[in-house]
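J.: Contents of data.csv (CSV, C-alpha atoms):
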chain,number,residue,atom,x,y,z
A,291,MET,CA,35.8,8.9,-25.5
A,292,GLN,CA,37.4,6.6,-23.0
A,293,ASN,CA,37.5,9.4,-20.4
A,294,ASN,CA,33.8,10.2,-21.0
A,295,ASN,CA,32.8,6.6,-20.5
A,296,ALA,CA,34.9,6.4,-17.2
A,297,SER,CA,33.2,9.6,-16.0
A,298,ALA,CA,29.8,8.3,-16.8
A,299,ASP,CA,30.6,5.1,-14.9
A,300,ARG,CA,31.7,7.0,-11.9
A,301,ILE,CA,28.5,9.1,-12.0
A,302,ARG,CA,26.3,5.9,-12.2
A,303,GLU,CA,28.2,4.3,-9.4
A,304,LYS,CA,27.9,7.4,-7.2
A,305,LYS,CA,24.2,7.6,-7.9
A,306,LYS,CA,23.8,3.9,-7.1
A,307,LEU,CA,25.6,4.3,-3.7
A,308,PHE,CA,23.5,7.4,-3.0
A,309,LEU,CA,20.2,5.5,-3.6
A,310,ALA,CA,21.4,2.5,-1.6
A,311,ARG,CA,22.2,4.8,1.4
A,312,GLU,CA,18.9,6.5,1.0
A,313,GLN,CA,17.1,3.1,1.2
A,314,ARG,CA,19.2,2.2,4.3
A,315,ILE,CA,17.8,5.4,5.9
A,316,ILE,CA,14.2,4.4,5.1
A,317,ASP,CA,14.7,0.9,6.2
A,318,ALA,CA,16.1,2.0,9.5
A,319,ALA,CA,13.3,4.5,10.0
A,320,VAL,CA,10.6,1.8,9.4
A,321,GLU,CA,12.3,-0.5,11.9
A,322,LEU,CA,12.3,2.2,14.6
A,323,PHE,CA,8.8,3.3,14.0
A,324,LEU,CA,7.6,-0.3,14.3
A,325,GLU,CA,9.4,-0.6,17.6
A,326,GLU,CA,8.7,2.7,19.3
A,327,SER,CA,6.2,5.6,19.3
A,328,ILE,CA,6.6,7.9,16.3
A,329,ASP,CA,7.2,10.9,18.6
A,330,ARG,CA,10.1,9.2,20.2
A,331,ILE,CA,12.0,8.6,17.0
A,332,THR,CA,14.3,11.4,16.0
A,333,VAL,CA,16.5,11.9,13.0
A,334,SER,CA,19.5,11.2,15.2
A,335,LYS,CA,18.1,7.8,16.2
A,336,ILE,CA,17.4,7.0,12.5
A,337,ALA,CA,21.0,8.0,11.6
A,338,LEU,CA,22.3,5.8,14.5
A,339,ARG,CA,20.3,2.8,13.3
A,340,ALA,CA,21.4,3.3,9.7
A,341,ALA,CA,25.0,3.6,10.9
A,342,ILE,CA,25.5,7.0,9.1
A,343,GLY,CA,26.0,10.5,10.3
A,344,LYS,CA,23.1,12.7,11.1
A,345,GLY,CA,24.3,15.3,8.6
A,346,THR,CA,24.3,12.6,5.9
A,347,VAL,CA,20.6,11.9,6.6
A,348,TYR,CA,19.9,15.6,5.8
A,349,LYS,CA,21.6,15.2,2.4
A,350,HIS,CA,18.7,12.9,1.5
A,351,PHE,CA,15.8,14.3,3.6
A,352,LEU,CA,15.5,17.8,4.9
A,353,THR,CA,13.0,17.0,7.7
A,354,LYS,CA,11.6,14.0,9.5
A,355,ASN,CA,8.3,14.6,7.7
A,356,GLU,CA,10.1,14.0,4.4
A,357,ILE,CA,11.1,10.6,5.7
A,358,LEU,CA,7.5,9.8,6.8
A,359,ILE,CA,6.0,10.7,3.4
A,360,ARG,CA,8.7,8.7,1.6
A,361,ILE,CA,7.8,5.6,3.7
A,362,ILE,CA,4.1,6.1,2.8
A,363,LEU,CA,4.8,6.6,-0.9
A,364,ASP,CA,6.9,3.5,-1.1
A,365,TYR,CA,4.2,1.5,0.6
A,366,GLU,CA,1.5,2.9,-1.7
A,367,ARG,CA,3.7,2.2,-4.8
A,368,ASN,CA,4.0,-1.4,-3.6
A,369,ILE,CA,0.2,-1.7,-3.4
A,370,THR,CA,-0.1,-0.1,-6.8
A,371,GLN,CA,2.3,-2.6,-8.4
A,372,SER,CA,0.3,-5.5,-6.9
A,373,LEU,CA,-3.0,-4.0,-8.1
A,374,THR,CA,-1.6,-3.4,-11.6
A,375,LYS,CA,-0.7,-7.1,-11.9
A,376,GLY,CA,-4.0,-8.1,-10.4
A,377,ILE,CA,-6.0,-6.0,-12.8
A,378,LYS,CA,-4.1,-7.4,-15.7
A,379,ARG,CA,-4.9,-11.0,-14.6
A,380,ALA,CA,-8.5,-10.0,-14.0
A,381,GLU,CA,-8.8,-8.6,-17.5
A,382,GLU,CA,-7.4,-11.9,-18.8
A,383,GLY,CA,-10.1,-13.9,-17.1
A,384,ASP,CA,-9.3,-14.3,-13.4
A,385,SER,CA,-12.0,-12.0,-12.1
A,386,GLY,CA,-11.0,-12.0,-8.5
A,387,ALA,CA,-7.3,-11.3,-9.1
A,388,ALA,CA,-7.4,-7.6,-8.5
A,389,ALA,CA,-9.1,-7.9,-5.1
A,390,LYS,CA,-6.8,-10.7,-4.1
A,391,SER,CA,-3.7,-8.7,-5.0
A,392,TYR,CA,-5.0,-5.8,-2.9
A,393,PHE,CA,-5.8,-7.9,0.2
A,394,GLU,CA,-2.4,-9.7,0.0
A,395,ALA,CA,-0.5,-6.4,-0.3
A,396,ARG,CA,-2.2,-4.9,2.7
A,397,LEU,CA,-2.5,-8.0,4.9
A,398,GLU,CA,0.9,-9.4,4.4
A,399,ASN,CA,2.2,-7.2,7.2
A,400,PRO,CA,-0.7,-5.7,9.3
A,401,LYS,CA,1.7,-4.0,11.6
A,402,LEU,CA,3.3,-2.1,8.8
A,403,ASP,CA,0.0,-1.2,7.2
A,404,ARG,CA,-1.2,0.2,10.5
A,405,LEU,CA,2.0,2.2,10.9
A,406,ILE,CA,1.5,3.7,7.4
A,407,GLN,CA,-1.9,4.9,8.5
A,408,GLN,CA,-0.5,6.5,11.6
A,409,LEU,CA,2.2,8.2,9.7
A,410,GLU,CA,-0.3,9.6,7.2
A,411,ASP,CA,-2.5,10.9,10.0
A,412,ARG,CA,0.5,12.9,11.3
A,413,LEU,CA,1.0,14.5,7.9
A,414,LEU,CA,-2.6,15.6,7.3
A,415,GLU,CA,-2.0,19.0,8.8
A,416,SER,CA,1.6,19.4,7.7
A,417,GLY,CA,2.4,21.8,4.8
A,418,ASP,CA,6.1,21.1,4.3
A,419,VAL,CA,5.4,18.0,2.3
A,420,ALA,CA,2.4,19.1,0.4
A,421,ASP,CA,3.9,18.3,-3.0
A,422,GLN,CA,4.6,14.7,-1.9
A,423,VAL,CA,1.2,14.3,-0.4
A,424,GLU,CA,-0.3,15.4,-3.7
A,425,LYS,CA,1.8,12.6,-5.4
A,426,LEU,CA,0.2,10.2,-3.0
A,427,HIS,CA,-3.3,11.3,-3.8
A,428,LYS,CA,-2.6,11.3,-7.5
A,429,LEU,CA,-1.4,7.7,-7.2
A,430,ARG,CA,-4.6,6.7,-5.4
A,431,ARG,CA,-6.8,8.5,-7.9
A,432,SER,CA,-5.0,6.5,-10.6
A,433,ASN,CA,-5.7,3.3,-8.8
A,434,GLU,CA,-9.3,4.2,-8.3
A,435,ASN,CA,-9.7,5.0,-12.0
A,436,ALA,CA,-8.1,1.7,-13.0
A,437,LEU,CA,-10.3,-0.3,-10.6
A,438,SER,CA,-13.5,1.6,-11.7
A,439,GLY,CA,-12.8,0.6,-15.3
A,440,LEU,CA,-12.2,-3.1,-14.4
A,441,ILE,CA,-15.2,-3.2,-12.1
A,442,THR,CA,-17.5,-1.7,-14.8
A,443,LYS,CA,-16.4,-4.5,-17.2
A,444,LEU,CA,-17.0,-7.2,-14.6
A,445,ILE,CA,-20.5,-5.7,-13.9
A,446,ASP,CA,-21.3,-5.7,-17.6
A,447,ARG,CA,-20.1,-9.4,-17.8
A,448,GLY,CA,-22.5,-10.3,-15.0
A,449,VAL,CA,-19.7,-11.2,-12.6
A,450,LEU,CA,-20.2,-8.4,-10.0
A,451,GLU,CA,-23.3,-6.8,-8.5
A,452,ASP,CA,-24.6,-3.9,-10.6
A,453,VAL,CA,-23.9,-1.1,-8.1
A,454,PRO,CA,-21.6,1.9,-8.4
A,455,ALA,CA,-18.0,0.8,-9.0
A,456,TYR,CA,-16.8,2.6,-5.8
A,457,PHE,CA,-19.2,0.4,-3.7
A,458,HIS,CA,-17.0,-2.6,-4.6
A,459,TYR,CA,-13.5,-1.1,-4.0
A,460,LEU,CA,-14.6,0.7,-0.9
A,461,ALA,CA,-16.1,-2.5,0.5
A,462,CYS,CA,-12.6,-4.1,-0.1
A,463,TRP,CA,-11.0,-1.2,1.6
A,464,ALA,CA,-13.4,-1.6,4.6
A,465,LEU,CA,-12.7,-5.3,4.9
A,466,ALA,CA,-9.0,-4.9,4.7
A,467,GLN,CA,-9.1,-2.0,7.2
A,468,GLY,CA,-11.1,-4.1,9.7
A,469,ALA,CA,-8.7,-7.0,9.3
A,470,VAL,CA,-5.8,-4.8,10.1
A,471,GLU,CA,-7.5,-3.3,13.2
A,472,LEU,CA,-8.5,-6.9,14.3
A,473,CYS,CA,-4.8,-7.7,14.7
A,474,PHE,CA,-4.4,-5.0,17.3
A,475,ASN,CA,-7.7,-5.3,19.1
A,476,LYS,CA,-7.1,-6.0,22.8
A,477,THR,CA,-9.8,-8.7,22.8
A,478,TRP,CA,-8.6,-10.6,19.8
A,479,ASN,CA,-4.9,-9.8,19.3
A,480,ASP,CA,-3.7,-12.8,21.2
A,481,ARG,CA,-4.4,-15.1,18.2
A,482,THR,CA,-1.5,-17.3,17.2
A,483,ASP,CA,-3.0,-18.1,13.8
A,484,THR,CA,-3.0,-14.5,12.4
A,485,GLU,CA,-1.5,-15.5,9.1
A,486,GLN,CA,-4.2,-18.1,8.4
A,487,LEU,CA,-6.9,-15.7,9.5
A,488,MET,CA,-5.6,-13.0,7.1
A,489,GLU,CA,-5.7,-15.6,4.3
A,490,PHE,CA,-9.2,-16.6,5.2
A,491,ILE,CA,-10.3,-12.9,5.1
A,492,THR,CA,-8.6,-12.5,1.8
A,493,ASN,CA,-10.5,-15.4,0.3
A,494,ILE,CA,-13.7,-13.8,1.5
A,495,GLY,CA,-12.7,-10.5,0.0
A,496,VAL,CA,-12.1,-12.1,-3.4
A,497,THR,CA,-15.7,-13.2,-3.8
A,498,MET,CA,-17.3,-10.3,-2.0
A,499,GLY,CA,-19.6,-8.4,-4.3
A,500,ASN,CA,-20.2,-11.2,-6.7
A,501,ARG,CA,-23.5,-11.2,-8.6
A,502,GLY,CA,-26.3,-12.7,-6.5
A,503,GLN,CA,-25.1,-11.6,-3.1
A,504,TYR,CA,-26.6,-8.2,-2.8
A,505,HIS,CA,-29.8,-8.8,-4.9
A,506,PRO,CA,-30.4,-12.6,-4.5
A,507,ASP,CA,-33.9,-12.2,-6.0
A,508,ASP,CA,-32.6,-10.4,-9.1
A,509,PRO,CA,-33.8,-12.2,-12.2
A,510,LYS,CA,-30.4,-11.7,-13.7
A,511,SER,CA,-28.8,-13.5,-10.7
A,512,LYS,CA,-31.2,-16.4,-11.1
A,513,LYS,CA,-30.4,-16.6,-14.8
A,514,ASP,CA,-26.7,-16.6,-14.1
A,515,LYS,CA,-27.1,-19.5,-11.7
Take the structure I supplied and represent it as structure tokens, if you would.
T.:
Amino acid sequence: MQNNNASADRIREKKKLFLAREQRIIDAAVELFLEESIDRITVSKIALRAAIGKGTVYKHFLTKNEILIRIILDYERNITQSLTKGIKRAEEGDSGAAAKSYFEARLENPKLDRLIQQLEDRLLESGDVADQVEKLHKLRRSNENALSGLITKLIDRGVLEDVPAYFHYLACWALAQGAVELCFNKTWNDRTDTEQLMEFITNIGVTMGNRGQYHPDDPKSKKDK
């Protein structure tokens, strides 16, 4: 029994080290992609930044595209975790919590958010990571379903405008997308107060779509007031 326990401990420790090394590869890749053009970053450069051998990288990821999709999935999972917490708070009474969690997740690091979009654009025509891309789409569909359910409840409670649920979450996406692009616009990207600007946009996004904004003459809106 003692030998079995020792063997299990070694397996767990080996797995822990494997996952830690894998994360080091991902972190190194993200750093490089934020610094240079995606095309200029090779697996060799990633290995050098992670301080491991190139062959070791291939034990974790068979291609550069596998690294790209892993970065995207990690980012999407982070958004999902934030949304899940926000939806829970919204169901408990804080109606704007889901929107706030979404904006905070995306606008915390606009440069990283924009990188994720660029990486995804590169993978649209790639067939070697089709299974992982499907995981990404499945995750997003799950988020959409959860948001649709919450938004429907908020519409029924008279909190949000009575429009299709996707109007609300796509409006949030559009505002977040515009905010990210604003950070890189050649006319406006010299702002020194970007963090405060993102916070201001987030606050706007939280109340966007509230009842009375889209149909100000709606009798229901007047009654609510």
J.: For CA of Leu444 in chain A and CA of Leu429 in chain A, quote the distance in Å rounded to one decimal.
T.: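 Answer for the CA of Leu444 in chain A to CA of Leu429 in chain A separation: 22.8 Å.
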J.: Closest to Val333 in chain A among A:Lys378, A:Arg302, A:Lys354, A:Arg314, using all atoms listed in the file?
T.: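 Between A:Lys378, A:Arg302, A:Lys354, A:Arg314, the residue approaching Val333 in chain A most closely is A:Lys354.
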J.: Which polymer residues have any atom within 12 Å of an atom of Leu352 in chain A, counting only C-alpha atoms, with same-chain residues fewer than 6 positions away left out, as a list in words?
T.: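 Neighbouring residues, sequence-local ones excluded: Val333, Lys344, Gly345, Thr346, Leu358, Ile359, Arg360, Asp418 and Val419 of chain A.
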J.: Just want the 9 Å neighbourhood of Glu394 in chain A, counted on all atoms listed in the file, with same-chain residues fewer than 6 positions away dropped. Output as a list in words.
T.: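 Contacts, in chain order: Ser372, Met488, Glu489 and Thr492 of chain A.
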J.: Using only C-alpha atoms for the distances, tell me which of A:Asp446, A:Glu485, A:Glu381, A:Glu356 is nearest to Ala469 in chain A.
T.: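 Going through A:Asp446, A:Glu485, A:Glu381, A:Glu356 one by one, the smallest distance to Ala469 in chain A is for A:Glu485.
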